[in-house]
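Student: Would you mind keeping the following structure in view while I ask a few things?
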Amino acid sequence: MSRRPTANLTESDPPATAELDTIKSLLPYLWPKGQFEMRARVVVALACLVMAKAASVYVPVLYKEAVDLISGDKFDFTVLLWIVVAYGMTRLGQQAFAQLREFFFARVAQRAIRAVAIKTFRHLHRLSLRFHLDRQTGGLTRVIERGTKAIEFLLNFMLFNILPTLFEIFLVCGVLWWMFDFRYAIATFGTIFSYIAFTMLVTEWRLKIRRRMNTMDNRANTRAVDSLLNYETVKYFGNEMHEEERYDRSMRSYEDAAVKSRTSLSLVNVGQGGIIAAGLMVVMALAGGDIASGKATVGDFVMVNTYLIQLYMPLNFLGFVYREIKQSLTDMQQMFLLLDEEQEIEDAVDAKDLVVEKGAVRFENVKFGYSAERGILKGISFDVPAGKTVALVGPSGAGKSTISRLLFRFYDIDDGAILIDGQDIRSVTQASLRRAIGIVPQDTVLFNDTIYYNIAYGRPGASTAEIEEAARLARIHDFIISLPDGYESTVGERGLKLSGGEKQRVAIARTLLKQPKIFLFDEATSALDSQTEKAIQTSLSEVSQDYTTLVIAHRLSTVVDAHEIIVLREGEIAERGNHDALLSQDGIYAAMWRQQMREQERQRTRKRTRKRKWRRTRARTRARTRARTRKRKR
């Protein structure tokens with residue numbers, strides 16, 4: 001079984017080849033196969049881009065013609081008027097083509113963002129439980145969020161800002177060389193090359209600070225999410241200040257990195273300003289010298305200045321854009337690393353849907369460990385006959401919950417086989433396997449939505465009548481309709497608005513609605529009081545009658561009617577048999593039973609004691625009240 005280490009998603013220093021690979025990974029989403037409309041939009045958008053830049057380069061030429069006409073000896077207002085009209089229309093065309101470019105490409109960009117986000121989201125659901133247990137949800141969601149934003153930024157600035165600007169620079173250099181000589185082109189190109197080189201070198205240094213900021217941001221966000229998700233635990237132990245200090249330490253590190261990033265920006269701005277000023281002086285001096293020698297006109301001088309201003313204005317933001325593009329590439333790389341994460345559990349190439357006729361479950365010499373050093377199950381073999389109930393009991397860490405995860409194929413076993421109606425679960429599709437099994441887990445997690453939605457989640461598309469019937473079987477329908485909003489009542493984050501017992505009953509209703517062929521109850525009534533537990537146990541027995549049922553239990557009183565009880569200890573089967581047979585063996589099960597009976601008796605004794613104290617207190621209160629009443633009457 002492959003258990004390769006997962007990639008680091010919070011810190012990275014990607015080389016240039018990795019950045020190029022990231023861009024290559026994005027390109028198929030911008031030129032999607034089989035989508036003629038998207039490809040046509042890309043072509044039209046690029047055509048609009050070329051037209052916009054051509055108009056941009058032609059505007060200073062018209063400006064030159066107007067200046068030469070005005071400053072010359074043969075001034076003709078009609079000709080000037082035509083030049084002014086052409087100048088205005090060209091500028092309008094420049095803006096119009098730029099907006100048309102946005103109009104046609106907007107759908108392409110958003111479709112690419114959507115496709116990448118959906119693919120990443122789908123892939124995360126396909127990754128193994130091991131991957132998600134090793135991860136913290138807050139950090140993962142931030143990676144996806146930053147990755148999708150990075151794509152949008154990269155498309156907006158690199159595709160329609162940096163590349164068009166470079167294209168315009170080459171056009172301008174060509175025009176200057178053609179209209180004047182190579183000196184203007186070399187001066188312009190040299191200035192821009194120096195500007196870009198300086199910006200890249202300094203920004204590379206600043207990016208290390210930025211990555212440090214990202215790491216601290218991830219850490220602070222993860223700690224905040226983890227703390228708020230475990231709100232009750234924080235309150236139980238009164239650790240609010242401890243959580244605040246942990247969060248503040250991360251934010252303090254983020255603050256230091258952010259200050260360094262902000263102050264170092266001054267160095268970039270000063271250096272860029274110096275390079276631009278030097279370039280302007282050189283080109284203007286060349287133009288002035290040519291005017292003095294009669295090789296150029298006033299209009300030529302104005303045109304050169306206009307070109308330079310026109311080029312340098314977008315370059316003023318190159319430092320910011322380059323830094324953000326580099327950061328966007330880093331963020332995108334983190335997201336694409338998720339897509340590169342290998343699926344530990346995959347369907348076989350020839351996998352078929354599981355066909356459940358009777359629902360018999362068989363574990364054959366199953367061995368499993370979460371790591372090579374941590375063996376959990378050491379050759380477990382047992383059967384859950386079709387239509388029968390088998391219970392798994394034992395101390396914590398014996399491997400009971402691991403068996404449920406293996407049955408759902410959240411992990412692949414190291415050795416042996418798990419069969420359902422004779423079909424190895426590794427040879428069938430995961431979707432059909434999980435469709436056939438319904439589980440009520442001990443730790444019930446609900447979506448932050450309505451009660452109706454959470455029950456309907458068991459079988460989306462079920463009718464309202466079916467959902468209400470499932471709620472009745474789970475003994476929660478009466479509670480739901482007593483709420484002001486009934487089934488439309490929201491349950492809050494992770495179901496915090498409901499009690500533990502209410503959440504458990506919603507989970508039971510959800511599983512009953514699924515109508516599985518095999519039932520798995522993992523401490524399904526652990527959060528319920530005794531009276532409700534008995535009622536739901538009766539319902540579960542009725543619903544699962546004639547169905548294959550595997551029960552993982554801590555309370556032995558809930559499994560006394562099981563056809564077979566398997567006692568696990570340290571990953572091995574220590575005892576097996578029905579309730580009476582295990583008691584007669586006077587082994588582990590019998591000792592656990594006596595201990596739980598003593599505990600239940602102590603609880604009943606404490607309850608009777610509290611009830612007697614309450615009755616005595618009430619009697620004394622009534623006696624004092626009667627005495628005061630007689631005294632007032634006298």
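Simple scheme: letters A, B, ... for chains in structure tokens order, numbers from 1 for residues in each chain, numbers from 1 for ligands in the order shown.
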List the spatial neighbours of stretch 434-446 of chain A as a PDB file with all heavy atoms, in the first residue's frame - criterion: any atom at most 8 Å away, only C-alpha atoms, same-chain residues fewer than 2 positions off excluded.
Tutor:
```pdb
ATOM      1  N   VAL A 356     -25.699  -6.456  -4.237  1.00  0.00           N
ATOM      2  CA  VAL A 356     -26.057  -6.959  -2.915  1.00  0.00           C
ATOM      3  C   VAL A 356     -27.389  -7.693  -3.012  1.00  0.00           C
ATOM      4  O   VAL A 356     -28.426  -7.092  -3.293  1.00  0.00           O
ATOM      5  CB  VAL A 356     -26.149  -5.816  -1.892  1.00  0.00           C
ATOM      6  CG1 VAL A 356     -26.469  -6.376  -0.513  1.00  0.00           C
ATOM      7  CG2 VAL A 356     -24.859  -5.019  -1.859  1.00  0.00           C
ATOM      8  N   PHE A 408     -16.042   0.570   4.820  1.00  0.00           N
ATOM      9  CA  PHE A 408     -16.379   1.632   3.876  1.00  0.00           C
ATOM     10  C   PHE A 408     -15.246   1.886   2.874  1.00  0.00           C
ATOM     11  O   PHE A 408     -15.366   2.717   1.999  1.00  0.00           O
ATOM     12  CB  PHE A 408     -16.678   2.939   4.623  1.00  0.00           C
ATOM     13  CG  PHE A 408     -18.123   3.105   4.988  1.00  0.00           C
ATOM     14  CD1 PHE A 408     -18.605   2.648   6.203  1.00  0.00           C
ATOM     15  CD2 PHE A 408     -19.009   3.709   4.116  1.00  0.00           C
ATOM     16  CE1 PHE A 408     -19.936   2.803   6.544  1.00  0.00           C
ATOM     17  CE2 PHE A 408     -20.344   3.874   4.443  1.00  0.00           C
ATOM     18  CZ  PHE A 408     -20.812   3.405   5.661  1.00  0.00           C
ATOM     19  N   GLN A 430     -16.207   2.184  -5.408  1.00  0.00           N
ATOM     20  CA  GLN A 430     -16.406   2.742  -4.073  1.00  0.00           C
ATOM     21  C   GLN A 430     -17.809   3.329  -3.919  1.00  0.00           C
ATOM     22  O   GLN A 430     -18.416   3.221  -2.849  1.00  0.00           O
ATOM     23  CB  GLN A 430     -15.357   3.825  -3.812  1.00  0.00           C
ATOM     24  CG  GLN A 430     -13.931   3.299  -3.807  1.00  0.00           C
ATOM     25  CD  GLN A 430     -12.923   4.415  -3.679  1.00  0.00           C
ATOM     26  OE1 GLN A 430     -12.869   5.104  -2.649  1.00  0.00           O
ATOM     27  NE2 GLN A 430     -12.114   4.630  -4.713  1.00  0.00           N
ATOM     28  N   ALA A 431     -18.313   3.939  -4.982  1.00  0.00           N
ATOM     29  CA  ALA A 431     -19.640   4.562  -4.908  1.00  0.00           C
ATOM     30  C   ALA A 431     -20.714   3.521  -4.616  1.00  0.00           C
ATOM     31  O   ALA A 431     -21.587   3.730  -3.760  1.00  0.00           O
ATOM     32  CB  ALA A 431     -19.949   5.292  -6.211  1.00  0.00           C
ATOM     33  N   SER A 432     -20.670   2.379  -5.321  1.00  0.00           N
ATOM     34  CA  SER A 432     -21.684   1.345  -5.103  1.00  0.00           C
ATOM     35  C   SER A 432     -21.523   0.704  -3.728  1.00  0.00           C
ATOM     36  O   SER A 432     -22.516   0.324  -3.087  1.00  0.00           O
ATOM     37  CB  SER A 432     -21.590   0.284  -6.198  1.00  0.00           C
ATOM     38  OG  SER A 432     -20.352  -0.417  -6.136  1.00  0.00           O
ATOM     39  N   ASN A 448     -24.290  22.926   8.372  1.00  0.00           N
ATOM     40  CA  ASN A 448     -24.888  24.159   8.873  1.00  0.00           C
ATOM     41  C   ASN A 448     -26.035  24.567   7.944  1.00  0.00           C
ATOM     42  O   ASN A 448     -25.938  25.518   7.178  1.00  0.00           O
ATOM     43  CB  ASN A 448     -23.832  25.266   8.950  1.00  0.00           C
ATOM     44  CG  ASN A 448     -24.350  26.504   9.660  1.00  0.00           C
ATOM     45  OD1 ASN A 448     -25.460  26.504  10.186  1.00  0.00           O
ATOM     46  ND2 ASN A 448     -23.551  27.548   9.673  1.00  0.00           N
ATOM     47  N   ASN A 454     -30.496  18.187   6.403  1.00  0.00           N
ATOM     48  CA  ASN A 454     -29.612  17.203   7.004  1.00  0.00           C
ATOM     49  C   ASN A 454     -30.198  15.800   6.971  1.00  0.00           C
ATOM     50  O   ASN A 454     -29.452  14.829   6.804  1.00  0.00           O
ATOM     51  CB  ASN A 454     -29.283  17.608   8.439  1.00  0.00           C
ATOM     52  CG  ASN A 454     -28.136  18.601   8.520  1.00  0.00           C
ATOM     53  OD1 ASN A 454     -26.975  18.242   8.411  1.00  0.00           O
ATOM     54  ND2 ASN A 454     -28.480  19.883   8.680  1.00  0.00           N
ATOM     55  N   VAL A 491     -29.513  24.101  12.111  1.00  0.00           N
ATOM     56  CA  VAL A 491     -28.867  23.360  13.200  1.00  0.00           C
ATOM     57  C   VAL A 491     -27.588  24.033  13.683  1.00  0.00           C
ATOM     58  O   VAL A 491     -27.025  23.623  14.696  1.00  0.00           O
ATOM     59  CB  VAL A 491     -28.560  21.912  12.768  1.00  0.00           C
ATOM     60  CG1 VAL A 491     -29.828  21.209  12.341  1.00  0.00           C
ATOM     61  CG2 VAL A 491     -27.527  21.886  11.643  1.00  0.00           C
ATOM     62  N   GLU A 493     -23.481  25.644  13.147  1.00  0.00           N
ATOM     63  CA  GLU A 493     -22.187  25.050  12.772  1.00  0.00           C
ATOM     64  C   GLU A 493     -22.000  23.730  13.484  1.00  0.00           C
ATOM     65  O   GLU A 493     -22.059  23.648  14.707  1.00  0.00           O
ATOM     66  CB  GLU A 493     -21.052  26.012  13.157  1.00  0.00           C
ATOM     67  CG  GLU A 493     -19.688  25.589  12.683  1.00  0.00           C
ATOM     68  CD  GLU A 493     -19.448  25.916  11.222  1.00  0.00           C
ATOM     69  OE1 GLU A 493     -19.989  26.929  10.752  1.00  0.00           O
ATOM     70  OE2 GLU A 493     -18.739  25.152  10.564  1.00  0.00           O
ATOM     71  N   ARG A 494     -21.820  22.661  12.701  1.00  0.00           N
ATOM     72  CA  ARG A 494     -21.626  21.303  13.216  1.00  0.00           C
ATOM     73  C   ARG A 494     -22.774  20.858  14.118  1.00  0.00           C
ATOM     74  O   ARG A 494     -22.619  19.995  14.979  1.00  0.00           O
ATOM     75  CB  ARG A 494     -20.285  21.191  13.969  1.00  0.00           C
ATOM     76  CG  ARG A 494     -19.072  21.404  13.099  1.00  0.00           C
ATOM     77  CD  ARG A 494     -17.788  21.392  13.903  1.00  0.00           C
ATOM     78  NE  ARG A 494     -17.555  20.092  14.519  1.00  0.00           N
ATOM     79  CZ  ARG A 494     -16.930  19.080  13.925  1.00  0.00           C
ATOM     80  NH1 ARG A 494     -16.482  19.226  12.683  1.00  0.00           N
ATOM     81  NH2 ARG A 494     -16.740  17.947  14.539  1.00  0.00           N
ATOM     82  N   GLY A 495     -23.957  21.487  13.931  1.00  0.00           N
ATOM     83  CA  GLY A 495     -25.138  21.081  14.690  1.00  0.00           C
ATOM     84  C   GLY A 495     -25.147  21.559  16.120  1.00  0.00           C
ATOM     85  O   GLY A 495     -25.808  20.954  16.984  1.00  0.00           O
ATOM     86  N   LYS A 503     -28.924  15.595  17.828  1.00  0.00           N
ATOM     87  CA  LYS A 503     -28.051  15.388  16.659  1.00  0.00           C
ATOM     88  C   LYS A 503     -27.991  13.912  16.292  1.00  0.00           C
ATOM     89  O   LYS A 503     -28.033  13.550  15.120  1.00  0.00           O
ATOM     90  CB  LYS A 503     -26.634  15.902  16.968  1.00  0.00           C
ATOM     91  CG  LYS A 503     -26.495  17.400  16.994  1.00  0.00           C
ATOM     92  CD  LYS A 503     -25.050  17.831  16.875  1.00  0.00           C
ATOM     93  CE  LYS A 503     -24.209  17.317  18.007  1.00  0.00           C
ATOM     94  NZ  LYS A 503     -22.804  17.809  17.915  1.00  0.00           N
ATOM     95  N   GLN A 504     -27.911  13.055  17.316  1.00  0.00           N
ATOM     96  CA  GLN A 504     -27.815  11.619  17.053  1.00  0.00           C
ATOM     97  C   GLN A 504     -29.079  11.114  16.355  1.00  0.00           C
ATOM     98  O   GLN A 504     -29.019  10.301  15.438  1.00  0.00           O
ATOM     99  CB  GLN A 504     -27.621  10.876  18.383  1.00  0.00           C
ATOM    100  CG  GLN A 504     -26.979   9.514  18.230  1.00  0.00           C
ATOM    101  CD  GLN A 504     -25.464   9.603  18.248  1.00  0.00           C
ATOM    102  OE1 GLN A 504     -24.909  10.653  18.478  1.00  0.00           O
ATOM    103  NE2 GLN A 504     -24.795   8.492  17.991  1.00  0.00           N
ATOM    104  N   ALA A 507     -29.082  12.088  12.771  1.00  0.00           N
ATOM    105  CA  ALA A 507     -28.177  11.198  12.034  1.00  0.00           C
ATOM    106  C   ALA A 507     -28.829   9.838  11.783  1.00  0.00           C
ATOM    107  O   ALA A 507     -28.657   9.239  10.710  1.00  0.00           O
ATOM    108  CB  ALA A 507     -26.874  11.018  12.807  1.00  0.00           C
ATOM    109  N   ILE A 508     -29.566   9.347  12.755  1.00  0.00           N
ATOM    110  CA  ILE A 508     -30.264   8.066  12.586  1.00  0.00           C
ATOM    111  C   ILE A 508     -31.323   8.187  11.501  1.00  0.00           C
ATOM    112  O   ILE A 508     -31.463   7.314  10.631  1.00  0.00           O
ATOM    113  CB  ILE A 508     -30.874   7.613  13.930  1.00  0.00           C
ATOM    114  CG1 ILE A 508     -29.760   7.244  14.917  1.00  0.00           C
ATOM    115  CG2 ILE A 508     -31.812   6.427  13.727  1.00  0.00           C
ATOM    116  CD1 ILE A 508     -30.238   7.011  16.334  1.00  0.00           C
ATOM    117  N   THR A 511     -29.753   8.145   8.082  1.00  0.00           N
ATOM    118  CA  THR A 511     -29.340   6.810   7.645  1.00  0.00           C
ATOM    119  C   THR A 511     -30.542   5.946   7.280  1.00  0.00           C
ATOM    120  O   THR A 511     -30.501   5.188   6.306  1.00  0.00           O
ATOM    121  CB  THR A 511     -28.511   6.127   8.747  1.00  0.00           C
ATOM    122  OG1 THR A 511     -27.364   6.941   9.033  1.00  0.00           O
ATOM    123  CG2 THR A 511     -28.057   4.747   8.310  1.00  0.00           C
ATOM    124  N   LEU A 512     -31.619   6.085   8.046  1.00  0.00           N
ATOM    125  CA  LEU A 512     -32.818   5.315   7.724  1.00  0.00           C
ATOM    126  C   LEU A 512     -33.384   5.721   6.367  1.00  0.00           C
ATOM    127  O   LEU A 512     -33.884   4.887   5.610  1.00  0.00           O
ATOM    128  CB  LEU A 512     -33.878   5.515   8.815  1.00  0.00           C
ATOM    129  CG  LEU A 512     -33.506   5.002  10.212  1.00  0.00           C
ATOM    130  CD1 LEU A 512     -34.640   5.288  11.192  1.00  0.00           C
ATOM    131  CD2 LEU A 512     -33.201   3.513  10.183  1.00  0.00           C
ATOM    132  N   LYS A 514     -31.702   6.659   3.857  1.00  0.00           N
ATOM    133  CA  LYS A 514     -30.826   6.116   2.815  1.00  0.00           C
ATOM    134  C   LYS A 514     -31.279   4.735   2.345  1.00  0.00           C
ATOM    135  O   LYS A 514     -31.020   4.339   1.217  1.00  0.00           O
ATOM    136  CB  LYS A 514     -29.394   6.050   3.343  1.00  0.00           C
ATOM    137  CG  LYS A 514     -28.356   5.618   2.315  1.00  0.00           C
ATOM    138  CD  LYS A 514     -26.960   5.588   2.938  1.00  0.00           C
ATOM    139  CE  LYS A 514     -25.916   5.146   1.918  1.00  0.00           C
ATOM    140  NZ  LYS A 514     -24.559   5.083   2.505  1.00  0.00           N
ATOM    141  N   GLN A 515     -31.936   3.985   3.240  1.00  0.00           N
ATOM    142  CA  GLN A 515     -32.425   2.634   2.938  1.00  0.00           C
ATOM    143  C   GLN A 515     -31.297   1.734   2.439  1.00  0.00           C
ATOM    144  O   GLN A 515     -31.361   1.163   1.345  1.00  0.00           O
ATOM    145  CB  GLN A 515     -33.556   2.687   1.907  1.00  0.00           C
ATOM    146  CG  GLN A 515     -34.776   3.442   2.371  1.00  0.00           C
ATOM    147  CD  GLN A 515     -35.855   3.545   1.319  1.00  0.00           C
ATOM    148  OE1 GLN A 515     -35.641   3.243   0.145  1.00  0.00           O
ATOM    149  NE2 GLN A 515     -37.056   3.953   1.718  1.00  0.00           N
ATOM    150  N   PRO A 516     -30.263   1.565   3.257  1.00  0.00           N
ATOM    151  CA  PRO A 516     -29.128   0.730   2.827  1.00  0.00           C
ATOM    152  C   PRO A 516     -29.439  -0.760   2.958  1.00  0.00           C
ATOM    153  O   PRO A 516     -30.402  -1.154   3.615  1.00  0.00           O
ATOM    154  CB  PRO A 516     -28.026   1.143   3.799  1.00  0.00           C
ATOM    155  CG  PRO A 516     -28.773   1.496   5.053  1.00  0.00           C
ATOM    156  CD  PRO A 516     -30.066   2.130   4.596  1.00  0.00           C
ATOM    157  N   LYS A 517     -28.601  -1.568   2.351  1.00  0.00           N
ATOM    158  CA  LYS A 517     -28.731  -3.018   2.465  1.00  0.00           C
ATOM    159  C   LYS A 517     -28.048  -3.546   3.718  1.00  0.00           C
ATOM    160  O   LYS A 517     -28.385  -4.611   4.225  1.00  0.00           O
ATOM    161  CB  LYS A 517     -28.123  -3.688   1.231  1.00  0.00           C
ATOM    162  CG  LYS A 517     -28.754  -3.261  -0.090  1.00  0.00           C
ATOM    163  CD  LYS A 517     -30.179  -3.731  -0.209  1.00  0.00           C
ATOM    164  CE  LYS A 517     -30.741  -3.376  -1.590  1.00  0.00           C
ATOM    165  NZ  LYS A 517     -32.145  -3.818  -1.739  1.00  0.00           N
ATOM    166  N   ILE A 518     -27.043  -2.806   4.175  1.00  0.00           N
ATOM    167  CA  ILE A 518     -26.271  -3.196   5.355  1.00  0.00           C
ATOM    168  C   ILE A 518     -26.244  -2.015   6.319  1.00  0.00           C
ATOM    169  O   ILE A 518     -25.979  -0.881   5.905  1.00  0.00           O
ATOM    170  CB  ILE A 518     -24.823  -3.579   4.954  1.00  0.00           C
ATOM    171  CG1 ILE A 518     -24.837  -4.762   3.978  1.00  0.00           C
ATOM    172  CG2 ILE A 518     -23.990  -3.918   6.186  1.00  0.00           C
ATOM    173  CD1 ILE A 518     -23.494  -5.027   3.328  1.00  0.00           C
ATOM    174  N   PHE A 519     -26.521  -2.274   7.592  1.00  0.00           N
ATOM    175  CA  PHE A 519     -26.504  -1.230   8.611  1.00  0.00           C
ATOM    176  C   PHE A 519     -25.249  -1.362   9.467  1.00  0.00           C
ATOM    177  O   PHE A 519     -24.826  -2.479   9.806  1.00  0.00           O
ATOM    178  CB  PHE A 519     -27.737  -1.327   9.517  1.00  0.00           C
ATOM    179  CG  PHE A 519     -28.997  -0.819   8.882  1.00  0.00           C
ATOM    180  CD1 PHE A 519     -29.873  -1.684   8.250  1.00  0.00           C
ATOM    181  CD2 PHE A 519     -29.320   0.534   8.913  1.00  0.00           C
ATOM    182  CE1 PHE A 519     -31.037  -1.228   7.666  1.00  0.00           C
ATOM    183  CE2 PHE A 519     -30.475   1.003   8.329  1.00  0.00           C
ATOM    184  CZ  PHE A 519     -31.337   0.125   7.698  1.00  0.00           C
ATOM    185  N   LEU A 520     -24.674  -0.207   9.807  1.00  0.00           N
ATOM    186  CA  LEU A 520     -23.523  -0.165  10.697  1.00  0.00           C
ATOM    187  C   LEU A 520     -23.797   0.897  11.746  1.00  0.00           C
ATOM    188  O   LEU A 520     -23.926   2.080  11.418  1.00  0.00           O
ATOM    189  CB  LEU A 520     -22.252   0.157   9.910  1.00  0.00           C
ATOM    190  CG  LEU A 520     -20.905  -0.194  10.562  1.00  0.00           C
ATOM    191  CD1 LEU A 520     -19.803  -0.243   9.518  1.00  0.00           C
ATOM    192  CD2 LEU A 520     -20.525   0.800  11.647  1.00  0.00           C
ATOM    193  N   PHE A 521     -23.914   0.473  12.995  1.00  0.00           N
ATOM    194  CA  PHE A 521     -24.192   1.399  14.094  1.00  0.00           C
ATOM    195  C   PHE A 521     -22.951   1.495  14.971  1.00  0.00           C
ATOM    196  O   PHE A 521     -22.580   0.537  15.648  1.00  0.00           O
ATOM    197  CB  PHE A 521     -25.392   0.930  14.919  1.00  0.00           C
ATOM    198  CG  PHE A 521     -26.655   0.782  14.110  1.00  0.00           C
ATOM    199  CD1 PHE A 521     -27.436  -0.365  14.219  1.00  0.00           C
ATOM    200  CD2 PHE A 521     -27.060   1.772  13.240  1.00  0.00           C
ATOM    201  CE1 PHE A 521     -28.604  -0.500  13.482  1.00  0.00           C
ATOM    202  CE2 PHE A 521     -28.218   1.643  12.488  1.00  0.00           C
ATOM    203  CZ  PHE A 521     -28.992   0.503  12.608  1.00  0.00           C
ATOM    204  N   ASP A 522     -22.301   2.654  14.923  1.00  0.00           N
ATOM    205  CA  ASP A 522     -21.082   2.891  15.702  1.00  0.00           C
ATOM    206  C   ASP A 522     -21.445   3.740  16.910  1.00  0.00           C
ATOM    207  O   ASP A 522     -21.467   4.969  16.848  1.00  0.00           O
ATOM    208  CB  ASP A 522     -20.040   3.592  14.828  1.00  0.00           C
ATOM    209  CG  ASP A 522     -18.689   3.706  15.526  1.00  0.00           C
ATOM    210  OD1 ASP A 522     -18.595   3.332  16.702  1.00  0.00           O
ATOM    211  OD2 ASP A 522     -17.730   4.173  14.885  1.00  0.00           O
ATOM    212  N   GLU A 523     -21.725   3.075  18.033  1.00  0.00           N
ATOM    213  CA  GLU A 523     -22.176   3.781  19.243  1.00  0.00           C
ATOM    214  C   GLU A 523     -23.346   4.695  18.905  1.00  0.00           C
ATOM    215  O   GLU A 523     -23.375   5.870  19.289  1.00  0.00           O
ATOM    216  CB  GLU A 523     -21.024   4.600  19.847  1.00  0.00           C
ATOM    217  CG  GLU A 523     -19.781   3.806  20.168  1.00  0.00           C
ATOM    218  CD  GLU A 523     -19.883   3.007  21.444  1.00  0.00           C
ATOM    219  OE1 GLU A 523     -20.971   3.014  22.045  1.00  0.00           O
ATOM    220  OE2 GLU A 523     -18.908   2.362  21.826  1.00  0.00           O
ATOM    221  N   ALA A 524     -24.327   4.167  18.171  1.00  0.00           N
ATOM    222  CA  ALA A 524     -25.386   5.004  17.602  1.00  0.00           C
ATOM    223  C   ALA A 524     -26.256   5.673  18.641  1.00  0.00           C
ATOM    224  O   ALA A 524     -26.902   6.678  18.357  1.00  0.00           O
ATOM    225  CB  ALA A 524     -26.261   4.151  16.678  1.00  0.00           C
ATOM    226  N   THR A 525     -26.325   5.128  19.851  1.00  0.00           N
ATOM    227  CA  THR A 525     -27.204   5.728  20.883  1.00  0.00           C
ATOM    228  C   THR A 525     -26.403   6.210  22.081  1.00  0.00           C
ATOM    229  O   THR A 525     -26.949   6.388  23.168  1.00  0.00           O
ATOM    230  CB  THR A 525     -28.251   4.692  21.346  1.00  0.00           C
ATOM    231  OG1 THR A 525     -27.572   3.527  21.851  1.00  0.00           O
ATOM    232  CG2 THR A 525     -29.149   4.281  20.204  1.00  0.00           C
ATOM    233  N   SER A 526     -25.115   6.451  21.890  1.00  0.00           N
ATOM    234  CA  SER A 526     -24.253   6.798  23.023  1.00  0.00           C
ATOM    235  C   SER A 526     -24.602   8.147  23.646  1.00  0.00           C
ATOM    236  O   SER A 526     -24.343   8.375  24.818  1.00  0.00           O
ATOM    237  CB  SER A 526     -22.786   6.810  22.566  1.00  0.00           C
ATOM    238  OG  SER A 526     -22.599   7.779  21.545  1.00  0.00           O
TER     239      SER A 526
END
```
Student: Residues within 7 Å of A:Tyr487, please, as a ChimeraX atom specification. Count only C-alpha atoms; anything in the same chain fewer than 6 positions from it doesn't count.
Tutor: /A:450-452,480-481
Student: With distances taken over only C-alpha atoms, which of A:Arg107, A:Lys53, A:Lys613, A:Lys607 is nearest to A:Arg39?
Tutor: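 When distances to A:Arg39 are compared using only C-alpha atoms, the smallest one comes from A:Arg107.
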Student: Could you make a table, as JSON lines, of the residues of stretch 254-373 of chain A that have an atom within 10 Å of an atom of stretch 172-186 of chain A, each with its nearest atom pair and distance in Å to one decimal, counting only C-alpha atoms, in chain and number order?
Tutor:
```
{"residue": "A:Val282", "atom": "CA", "partner": "A:Tyr184", "partner_atom": "CA", "distance": 8.8}
{"residue": "A:Val283", "atom": "CA", "partner": "A:Tyr184", "partner_atom": "CA", "distance": 6.3}
{"residue": "A:Met284", "atom": "CA", "partner": "A:Tyr184", "partner_atom": "CA", "distance": 9.5}
{"residue": "A:Leu286", "atom": "CA", "partner": "A:Tyr184", "partner_atom": "CA", "distance": 7.4}
{"residue": "A:Ala287", "atom": "CA", "partner": "A:Tyr184", "partner_atom": "CA", "distance": 8.5}
{"residue": "A:Asp290", "atom": "CA", "partner": "A:Phe180", "partner_atom": "CA", "distance": 9.2}
{"residue": "A:Lys295", "atom": "CA", "partner": "A:Phe180", "partner_atom": "CA", "distance": 8.7}
{"residue": "A:Ala296", "atom": "CA", "partner": "A:Phe180", "partner_atom": "CA", "distance": 8.3}
{"residue": "A:Asp300", "atom": "CA", "partner": "A:Phe180", "partner_atom": "CA", "distance": 9.1}
{"residue": "A:Met303", "atom": "CA", "partner": "A:Leu176", "partner_atom": "CA", "distance": 9.7}
{"residue": "A:Val304", "atom": "CA", "partner": "A:Leu176", "partner_atom": "CA", "distance": 8.0}
{"residue": "A:Tyr307", "atom": "CA", "partner": "A:Val172", "partner_atom": "CA", "distance": 7.2}
{"residue": "A:Leu308", "atom": "CA", "partner": "A:Val172", "partner_atom": "CA", "distance": 9.0}
{"residue": "A:Leu311", "atom": "CA", "partner": "A:Val172", "partner_atom": "CA", "distance": 8.7}
```
Student: Taking the DSSP secondary structure from the backbone, can you list the residues of stretch 219-440 of chain A that are strand (DSSP E or B), as a ChimeraX atom specification?
Tutor: /A:352,361-371,374-384,389-393,415-420,423-424,428,437-440
Student: Counting only C-alpha atoms, which residues in stretch 338-388 of chain A sit no more than 8 Å from stretch 127-132 of chain A? For each one, give the nearest pair of atoms and the distance in Å, sorted by chain then residue number, as CSV.
Tutor:
```
residue,atom,partner,partner_atom,distance
A:Glu341,CA,A:Leu127,CA,7.8
A:Glu342,CA,A:Leu127,CA,7.4
A:Gln343,CA,A:Leu127,CA,5.1
A:Glu344,CA,A:Ser128,CA,5.8
A:Ile345,CA,A:Ser128,CA,6.1
```
Student: Please identify all polymer residues within 9 Å of A:Gln94, counting only C-alpha atoms, omitting same-chain residues fewer than 6 positions from it, and present them as a ChimeraX atom specification.
Tutor: /A:51-56,59
Student: With a distance cut-off of 8 Å and only C-alpha atoms, select the neighbouring residues of A:Leu49, excluding the residue or stretch itself and same-chain residues fewer than 6 positions from it, and output the selection as a list in words.
Tutor: Phe97, Ala98, Arg101, Phe160 and Pro164 of chain A
Student: May I have the residues within 9 Å of A:Leu280 as an MDAnalysis selection string, using only C-alpha atoms and disregarding those fewer than 6 positions away in the same chain?
Tutor: chainID A and resid 188 191 305 308:309
Student: Select from stretch 349-452 of chain A everything DSSP, run on the backbone, classes as alpha helix (DSSP H), then give the selection as a list in words.
Tutor: Lys400, Ser401, Thr402, Ile403, Ser404, Arg405, Leu406, Leu407, Gln430, Ala431, Ser432, Leu433, Arg434, Arg435, Ala436, Ile451 and Tyr452 of chain A
